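upload09.pdb (PDB, C-alpha atoms (C1' of nucleotides)) appears below.
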ATOM      1  CA  MET A 779     102.175 164.024  92.210
ATOM      2  CA  THR A 780     104.870 161.655  93.409
ATOM      3  CA  SER A 781     105.477 159.589  90.286
ATOM      4  CA  TYR A 782     107.799 156.675  89.776
ATOM      5  CA  LYS A 783     110.490 159.121  88.776
ATOM      6  CA  ASP A 784     110.809 160.465  92.276
ATOM      7  CA  LYS A 785     110.507 157.319  94.353
ATOM      8  CA  LYS A 786     113.800 156.520  96.037
ATOM      9  CA  VAL A 787     113.995 152.785  95.578
ATOM     10  CA  ILE A 788     117.166 152.021  93.619
ATOM     11  CA  GLY A 789     120.351 150.704  95.211
ATOM     12  CA  ILE A 790     123.742 152.193  94.447
ATOM     13  CA  GLY A 791     124.858 149.166  92.455
ATOM     14  CA  ILE A 792     122.037 149.566  89.955
ATOM     15  CA  VAL A 793     122.533 153.325  89.862
ATOM     16  CA  SER A 794     126.153 152.685  89.014
ATOM     17  CA  GLU A 795     125.072 150.442  86.149
ATOM     18  CA  LEU A 796     122.461 152.887  84.890
ATOM     19  CA  THR A 797     124.764 155.881  84.957
ATOM     20  CA  GLY A 798     128.098 154.259  84.203
ATOM     21  CA  LEU A 799     129.552 156.049  87.226
ATOM     22  CA  SER A 800     131.606 154.291  89.892
ATOM     23  CA  GLU A 801     130.042 153.916  93.315
ATOM     24  CA  ARG A 802     132.916 156.002  94.607
ATOM     25  CA  LYS A 803     131.904 158.920  92.403
ATOM     26  CA  ILE A 804     128.254 158.590  93.317
ATOM     27  CA  ARG A 805     129.063 158.678  97.033
ATOM     28  CA  TYR A 806     131.438 161.570  96.537
ATOM     29  CA  TYR A 807     128.801 163.689  94.808
ATOM     30  CA  GLU A 808     126.615 163.103  97.801
ATOM     31  CA  GLU A 809     129.430 164.217 100.099
ATOM     32  CA  ARG A 810     129.615 167.383  98.009
ATOM     33  CA  LYS A 811     125.869 167.946  98.468
ATOM     34  CA  LEU A 812     124.950 167.414  94.861
ATOM     35  CA  ILE A 813     122.649 164.462  95.350
ATOM     36  CA  PHE A 814     120.447 163.366  98.250
ATOM     37  CA  PRO A 815     119.524 159.698  98.390
ATOM     38  CA  ASP A 816     117.252 158.250 101.043
ATOM     39  CA  ARG A 817     118.545 155.617 103.426
ATOM     40  CA  SER A 818     117.078 152.249 104.349
ATOM     41  CA  LYS A 819     116.723 151.310 108.007
ATOM     42  CA  GLY A 820     120.070 149.578 107.700
ATOM     43  CA  GLY A 821     121.709 152.606 106.119
ATOM     44  CA  THR A 822     121.927 151.617 102.472
ATOM     45  CA  ARG A 823     121.382 154.404  99.936
ATOM     46  CA  LYS A 824     118.238 154.532  97.817
ATOM     47  CA  TYR A 825     117.983 156.662  94.673
ATOM     48  CA  SER A 826     115.185 157.684  92.311
ATOM     49  CA  PHE A 827     115.205 157.742  88.527
ATOM     50  CA  GLY A 828     115.317 161.502  88.886
ATOM     51  CA  ASP A 829     118.515 161.111  90.878
ATOM     52  CA  VAL A 830     119.916 158.925  88.125
ATOM     53  CA  GLU A 831     119.238 161.677  85.600
ATOM     54  CA  ARG A 832     120.760 164.281  87.854
ATOM     55  CA  LEU A 833     123.862 162.153  88.303
ATOM     56  CA  VAL A 834     124.386 161.885  84.575
ATOM     57  CA  ASP A 835     123.994 165.644  84.398
ATOM     58  CA  ILE A 836     126.525 166.183  87.158
ATOM     59  CA  ALA A 837     129.000 163.822  85.527
ATOM     60  CA  ASN A 838     128.747 165.728  82.261
ATOM     61  CA  LYS A 839     129.472 169.026  83.962
ATOM     62  CA  ILE A 840     132.455 167.603  85.786
ATOM     63  CA  GLU A 841     133.732 166.206  82.537
ATOM     64  CA  ASP A 842     133.483 169.724  81.157
ATOM     65  CA  GLY A 843     135.798 170.866  83.919
ATOM     66  CA  MET A 844     133.212 172.316  86.251
ATOM     67  CA  GLN A 845     133.937 171.875  89.955
ATOM     68  CA  THR A 846     131.473 170.403  92.407
ATOM     69  CA  PHE A 847     130.953 173.639  94.283
ATOM     70  CA  GLU A 848     130.102 175.400  91.046
ATOM     71  CA  ILE A 849     127.582 172.735  90.175
ATOM     72  CA  ARG A 850     126.091 173.090  93.612
ATOM     73  CA  LYS A 851     125.799 176.850  93.172
ATOM     74  CA  GLU A 852     124.133 176.338  89.833
ATOM     75  CA  GLU A 853     121.668 173.899  91.356
ATOM     76  CA  MET A 854     120.842 176.317  94.128
ATOM     77  CA  ARG A 855     120.194 179.010  91.577
ATOM     78  CA  LYS A 856     117.777 176.686  89.828
ATOM     79  CA  LEU A 857     116.039 175.926  93.093
ATOM     80  CA  LYS A 858     115.709 179.607  93.813
ATOM     81  CA  LYS A 859     114.219 180.163  90.390
ATOM     82  CA  ALA A 860     111.791 177.349  91.046
ATOM     83  CA  ASP A 861     110.966 179.015  94.332
ATOM     84  CA  VAL A 862     110.311 182.292  92.620
ATOM     85  CA  ARG A 863     108.206 180.557  90.011
ATOM     86  CA  ASP A 864     106.225 178.866  92.741
ATOM     87  CA  LYS A 865     105.722 182.092  94.606
ATOM     88  CA  MET A 866     104.610 183.883  91.458
ATOM     89  CA  LEU A 867     102.257 181.094  90.573
ATOM     90  CA  ARG A 868     100.802 181.142  94.042
ATOM     91  CA  GLY A 869     100.469 184.900  93.796
ATOM     92  CA  GLN A 870      98.557 184.605  90.572
ATOM     93  CA  LEU A 871      96.327 181.948  91.983
ATOM     94  CA  ASN A 872      95.642 184.122  94.982
ATOM     95  CA  ALA A 873      94.810 187.048  92.758
ATOM     96  CA  ALA A 874      92.510 184.908  90.665
ATOM     97  CA  PHE A 875      90.899 183.571  93.788
ATOM     98  CA  LYS A 876      90.282 187.039  95.155
ATOM     99  CA  MET A 877      88.734 188.129  91.882
ATOM    100  CA  ARG A 878      86.267 185.273  92.134
ATOM    101  CA  LYS A 879      84.818 186.632  95.346
TER     102      LYS A 879
ATOM    103  CA  MET B1177     109.123 152.861  74.856
ATOM    104  CA  THR B1178     110.850 151.421  77.910
ATOM    105  CA  SER B1179     109.766 153.845  80.576
ATOM    106  CA  TYR B1180     110.722 153.922  84.218
ATOM    107  CA  LYS B1181     107.748 151.718  84.965
ATOM    108  CA  ASP B1182     109.320 148.736  83.249
ATOM    109  CA  LYS B1183     112.944 149.043  84.332
ATOM    110  CA  LYS B1184     113.861 146.210  86.658
ATOM    111  CA  VAL B1185     115.898 148.018  89.269
ATOM    112  CA  ILE B1186     114.212 147.499  92.647
ATOM    113  CA  GLY B1187     115.428 145.022  95.247
ATOM    114  CA  ILE B1188     113.071 142.637  97.003
ATOM    115  CA  GLY B1189     113.337 144.483 100.315
ATOM    116  CA  ILE B1190     111.962 147.688  98.814
ATOM    117  CA  VAL B1191     109.333 145.759  96.871
ATOM    118  CA  SER B1192     108.245 144.228 100.147
ATOM    119  CA  GLU B1193     107.914 147.695 101.653
ATOM    120  CA  LEU B1194     106.058 149.097  98.650
ATOM    121  CA  THR B1195     103.585 146.229  98.442
ATOM    122  CA  GLY B1196     103.297 145.263 102.079
ATOM    123  CA  LEU B1197     103.949 141.660 101.070
ATOM    124  CA  SER B1198     106.499 139.453 102.804
ATOM    125  CA  GLU B1199     109.598 138.496 100.840
ATOM    126  CA  ARG B1200     108.461 134.913 101.218
ATOM    127  CA  LYS B1201     105.235 135.654  99.361
ATOM    128  CA  ILE B1202     107.004 137.584  96.653
ATOM    129  CA  ARG B1203     109.418 134.732  96.025
ATOM    130  CA  TYR B1204     106.607 132.219  96.103
ATOM    131  CA  TYR B1205     104.623 134.069  93.437
ATOM    132  CA  GLU B1206     107.705 133.886  91.280
ATOM    133  CA  GLU B1207     107.949 130.166  91.894
ATOM    134  CA  ARG B1208     104.348 129.928  90.739
ATOM    135  CA  LYS B1209     105.225 131.819  87.534
ATOM    136  CA  LEU B1210     103.197 134.897  88.326
ATOM    137  CA  ILE B1211     106.034 137.386  88.358
ATOM    138  CA  PHE B1212     109.369 137.484  86.530
ATOM    139  CA  PRO B1213     112.088 139.624  88.080
ATOM    140  CA  ASP B1214     115.490 140.089  86.524
ATOM    141  CA  ARG B1215     118.593 138.947  88.338
ATOM    142  CA  SER B1216     121.798 140.807  89.084
ATOM    143  CA  LYS B1217     125.116 139.186  88.276
ATOM    144  CA  GLY B1218     125.208 137.959  91.830
ATOM    145  CA  GLY B1219     121.718 136.551  91.627
ATOM    146  CA  THR B1220     119.670 139.101  93.555
ATOM    147  CA  ARG B1221     116.174 139.794  92.219
ATOM    148  CA  LYS B1222     115.337 143.098  90.554
ATOM    149  CA  TYR B1223     111.757 144.277  90.024
ATOM    150  CA  SER B1224     110.078 147.098  88.120
ATOM    151  CA  PHE B1225     107.310 149.413  89.286
ATOM    152  CA  GLY B1226     105.097 147.459  86.919
ATOM    153  CA  ASP B1227     106.002 144.315  88.844
ATOM    154  CA  VAL B1228     105.096 146.072  92.071
ATOM    155  CA  GLU B1229     101.661 146.878  90.677
ATOM    156  CA  ARG B1230     101.212 143.333  89.450
ATOM    157  CA  LEU B1231     102.154 141.978  92.860
ATOM    158  CA  VAL B1232      99.519 144.071  94.568
ATOM    159  CA  ASP B1233      97.057 142.781  92.017
ATOM    160  CA  ILE B1234      98.069 139.180  92.639
ATOM    161  CA  ALA B1235      97.828 139.636  96.380
ATOM    162  CA  ASN B1236      94.293 140.972  96.051
ATOM    163  CA  LYS B1237      93.205 138.013  94.011
ATOM    164  CA  ILE B1238      94.696 135.566  96.475
ATOM    165  CA  GLU B1239      92.971 137.385  99.269
ATOM    166  CA  ASP B1240      89.757 136.839  97.347
ATOM    167  CA  GLY B1241      90.419 133.118  97.446
ATOM    168  CA  MET B1242      91.805 132.707  93.955
ATOM    169  CA  GLN B1243      94.580 130.142  93.599
ATOM    170  CA  THR B1244      97.894 130.866  91.970
ATOM    171  CA  PHE B1245      97.287 128.607  88.993
ATOM    172  CA  GLU B1246      94.010 130.403  88.315
ATOM    173  CA  ILE B1247      95.735 133.743  88.416
ATOM    174  CA  ARG B1248      98.341 132.428  86.053
ATOM    175  CA  LYS B1249      95.674 131.235  83.643
ATOM    176  CA  GLU B1250      94.010 134.622  83.808
ATOM    177  CA  GLU B1251      97.290 136.352  83.097
ATOM    178  CA  MET B1252      97.938 134.107  80.142
ATOM    179  CA  ARG B1253      94.512 134.914  78.805
ATOM    180  CA  LYS B1254      95.349 138.601  79.044
ATOM    181  CA  LEU B1255      98.614 138.044  77.254
ATOM    182  CA  LYS B1256      96.825 136.181  74.519
ATOM    183  CA  LYS B1257      94.349 139.012  74.165
ATOM    184  CA  ALA B1258      97.223 141.437  73.963
ATOM    185  CA  ASP B1259      98.728 139.214  71.309
ATOM    186  CA  VAL B1260      95.524 139.232  69.350
ATOM    187  CA  ARG B1261      95.279 142.986  69.735
ATOM    188  CA  ASP B1262      98.802 143.354  68.492
ATOM    189  CA  LYS B1263      98.177 141.116  65.555
ATOM    190  CA  MET B1264      95.004 142.981  64.628
ATOM    191  CA  LEU B1265      96.731 146.295  64.937
ATOM    192  CA  ARG B1266      99.550 145.104  62.790
ATOM    193  CA  GLY B1267      97.012 143.817  60.311
ATOM    194  CA  GLN B1268      95.306 147.177  60.142
ATOM    195  CA  LEU B1269      98.584 148.972  59.744
ATOM    196  CA  ASN B1270      99.492 146.628  56.935
ATOM    197  CA  ALA B1271      96.163 147.256  55.260
ATOM    198  CA  ALA B1272      96.592 151.001  55.623
ATOM    199  CA  PHE B1273     100.104 150.744  54.285
ATOM    200  CA  LYS B1274      98.974 148.819  51.262
ATOM    201  CA  MET B1275      96.291 151.363  50.526
ATOM    202  CA  ARG B1276      98.901 154.102  50.463
ATOM    203  CA  LYS B1277     100.660 152.514  47.556
TER     204      LYS B1277
ATOM    205  C1'  DC C1090     139.940 168.290  93.804
ATOM    206  C1'  DG C1091     138.163 164.153  92.213
ATOM    207  C1'  DT C1092     138.725 159.356  92.249
ATOM    208  C1'  DG C1093     140.736 154.517  92.898
ATOM    209  C1'  DT C1094     141.520 150.913  96.122
ATOM    210  C1'  DA C1095     142.127 147.523 100.000
ATOM    211  C1'  DA C1096     139.950 146.543 104.702
ATOM    212  C1'  DG C1097     136.709 144.993 107.908
ATOM    213  C1'  DG C1098     132.212 144.958 109.213
ATOM    214  C1'  DA C1099     127.200 145.321 108.726
ATOM    215  C1'  DA C1100     122.931 144.912 106.030
ATOM    216  C1'  DT C1101     120.641 142.420 102.345
ATOM    217  C1'  DT C1102     119.367 138.531  99.775
ATOM    218  C1'  DC C1103     119.551 133.613  98.369
ATOM    219  C1'  DT C1104     118.302 128.648  98.579
ATOM    220  C1'  DG C1105     116.473 124.408 100.531
ATOM    221  C1'  DA C1106     114.083 122.565 104.262
ATOM    222  C1'  DC C1107     110.795 121.844 107.994
ATOM    223  C1'  DA C1108     106.262 123.133 109.747
ATOM    224  C1'  DC C1109     101.223 123.674 109.526
ATOM    225  C1'  DG C1110      97.218 122.486 107.332
TER     226       DG C1110
ATOM    227  C1'  DC D 184      98.224 125.439  98.875
ATOM    228  C1'  DG D 185     100.164 129.376 100.721
ATOM    229  C1'  DT D 186     103.174 131.120 104.069
ATOM    230  C1'  DG D 187     106.285 131.552 108.308
ATOM    231  C1'  DT D 188     110.752 130.641 110.117
ATOM    232  C1'  DA D 189     115.602 129.342 111.413
ATOM    233  C1'  DA D 190     120.137 128.280 108.974
ATOM    234  C1'  DG D 191     124.269 129.078 106.604
ATOM    235  C1'  DG D 192     126.327 131.198 102.951
ATOM    236  C1'  DA D 193     126.969 134.589  99.282
ATOM    237  C1'  DA D 194     126.336 139.213  97.308
ATOM    238  C1'  DT D 195     125.852 144.074  98.360
ATOM    239  C1'  DT D 196     126.853 148.220 100.653
ATOM    240  C1'  DC D 197     128.988 151.126 104.263
ATOM    241  C1'  DT D 198     132.658 154.022 106.382
ATOM    242  C1'  DG D 199     137.261 155.887 107.087
ATOM    243  C1'  DA D 200     141.733 155.947 105.332
ATOM    244  C1'  DC D 201     145.714 156.088 102.259
ATOM    245  C1'  DA D 202     147.228 157.397  97.652
ATOM    246  C1'  DC D 203     147.970 160.548  93.738
ATOM    247  C1'  DG D 204     148.175 165.039  92.265
TER     248       DG D 204
END

What is this structure when it is put down as structure tokens?
Amino acid sequence: MTSYKDKKVIGIGIVSELTGLSERKIRYYEERKLIFPDRSKGGTRKYSFGDVERLVDIANKIEDGMQTFEIRKEEMRKLKKADVRDKMLRGQLNAAFKMRK
Amino acid sequence: MTSYKDKKVIGIGIVSELTGLSERKIRYYEERKLIFPDRSKGGTRKYSFGDVERLVDIANKIEDGMQTFEIRKEEMRKLKKADVRDKMLRGQLNAAFKMRK
DNA sequence: CGTGTAAGGAATTCTGACACG
DNA sequence: CGTGTAAGGAATTCTGACACG
């Protein structure tokens, strides 16, 4: 369920290396609500491999001239779709479950 | 090929949290050649999720009274087996390749 | 708007050593 | 042998601000 891909364990320095993005950019995308790292007790940011992928994605869109708020909107649309998918799936499961009785 | 599991990107603090082992222990197992983290430019250790699993494994064996040099021997035996497996596999592939001609 | 940078401080990690056993 | 700890320093990261545009 929670695979390595989603464990928030990577520091910003390594994320910077992995993505090629400056730490400044990475922090800025967080400020713009595009990425949501965890924090250690001390306050240092921790990212997952999934975050690293998302960051590369974000960087590509910005390079294509998209603005952060547009990217955020797009992400929210995706989340909504995922929500809908989840709801539909749950609906189907419920239906199937009822039929079993 | 190189999946998330083998990317050395996790600091020792997080590894300590993930494994429940003290940093002292983690460093000591390295000293005893049981684990091989990468190093950042600055010299800080970086571990993979595979390393985290190995550390838990090592800790269990030590808890069972095994000594570090025994664990190391065991690991080397495994590596040798893997080597043999690799060699055999390569041998079979070679044989199959020859037959195709 | 998105990003670089210098600034000062705080959190993280490193090594070598002493301790116990 | 395996592990804890205090010590001092170095590497890493943090925030808020100024700059450019």

Residue IDs satisfying the PyMOL selection byres ((chain A) within 9 of (chain B)), as an MDAnalysis selection string: chainID A and resid 782:783 787:789 792:793 818 827

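Put simply, the PyMOL selection byres ((chain D) within 9 of (chain A)) in this file takes in DT195, DT196 and DC197 of chain D.
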
For B:Tyr1204, find every residue with an atom within 12 Å (counting only C-alpha atoms (C1' of nucleotides)), except residues of its own chain fewer than 4 positions away, and show them as a short mmCIF file (atom, residue, chain, number, x, y, z; two decimals) with C-alpha atoms (C1' of nucleotides), in the coordinates of the input.
data_model
loop_
_atom_site.label_atom_id
_atom_site.label_comp_id
_atom_site.auth_asym_id
_atom_site.auth_seq_id
_atom_site.Cartn_x
_atom_site.Cartn_y
_atom_site.Cartn_z
CA LEU B 1197 103.95 141.66 101.07
CA SER B 1198 106.50 139.45 102.80
CA GLU B 1199 109.60 138.50 100.84
CA ARG B 1200 108.46 134.91 101.22
CA ARG B 1208 104.35 129.93 90.74
CA LYS B 1209 105.22 131.82 87.53
CA LEU B 1210 103.20 134.90 88.33
CA ILE B 1211 106.03 137.39 88.36
CA PHE B 1212 109.37 137.48 86.53
CA LEU B 1231 102.15 141.98 92.86
CA ILE B 1234 98.07 139.18 92.64
CA ALA B 1235 97.83 139.64 96.38
CA THR B 1244 97.89 130.87 91.97
"C1'" DC D 184 98.22 125.44 98.88
"C1'" DG D 185 100.16 129.38 100.72
"C1'" DT D 186 103.17 131.12 104.07
#

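Residue neighbourhood of A:Asn838, excluding near-sequence residues (fewer than 6 positions): A:Thr797, A:Gly798, A:Leu799, A:Glu831, A:Arg832, A:Met844, A:Gln845, A:Thr846, A:Ile849, at 12 Å, using only C-alpha atoms (C1' of nucleotides).
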
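Atom CA of B:Gly1226 is found 5.7 Å from atom CA of B:Asp1182.
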
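Between atom CA of B:Thr1178 and atom CA of B:Asp1262 there is a distance of 17.3 Å.
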
Around stretch 1193-1208 of chain B, with edges along x, y and z and 8 Å added on all six sides, what centre and edge lengths do you get, in Å to one decimal, as lines of an AutoDock Vina configuration file?
center_x = 106.4
center_y = 139.5
center_z = 96.8
size_x = 22.3
size_y = 35.2
size_z = 28.1

Taking the file as shown, what set of residues would the PyMOL selection byres ((chain D and resi 201) around 12) give back, as a PyMOL selection string? (chain C and resi 1093-1096) or (chain D and resi 199-200+202-203)

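One distance worth recording is that between atom CA of B:Phe1245 and atom CA of B:Met1264, which is 28.4 Å.
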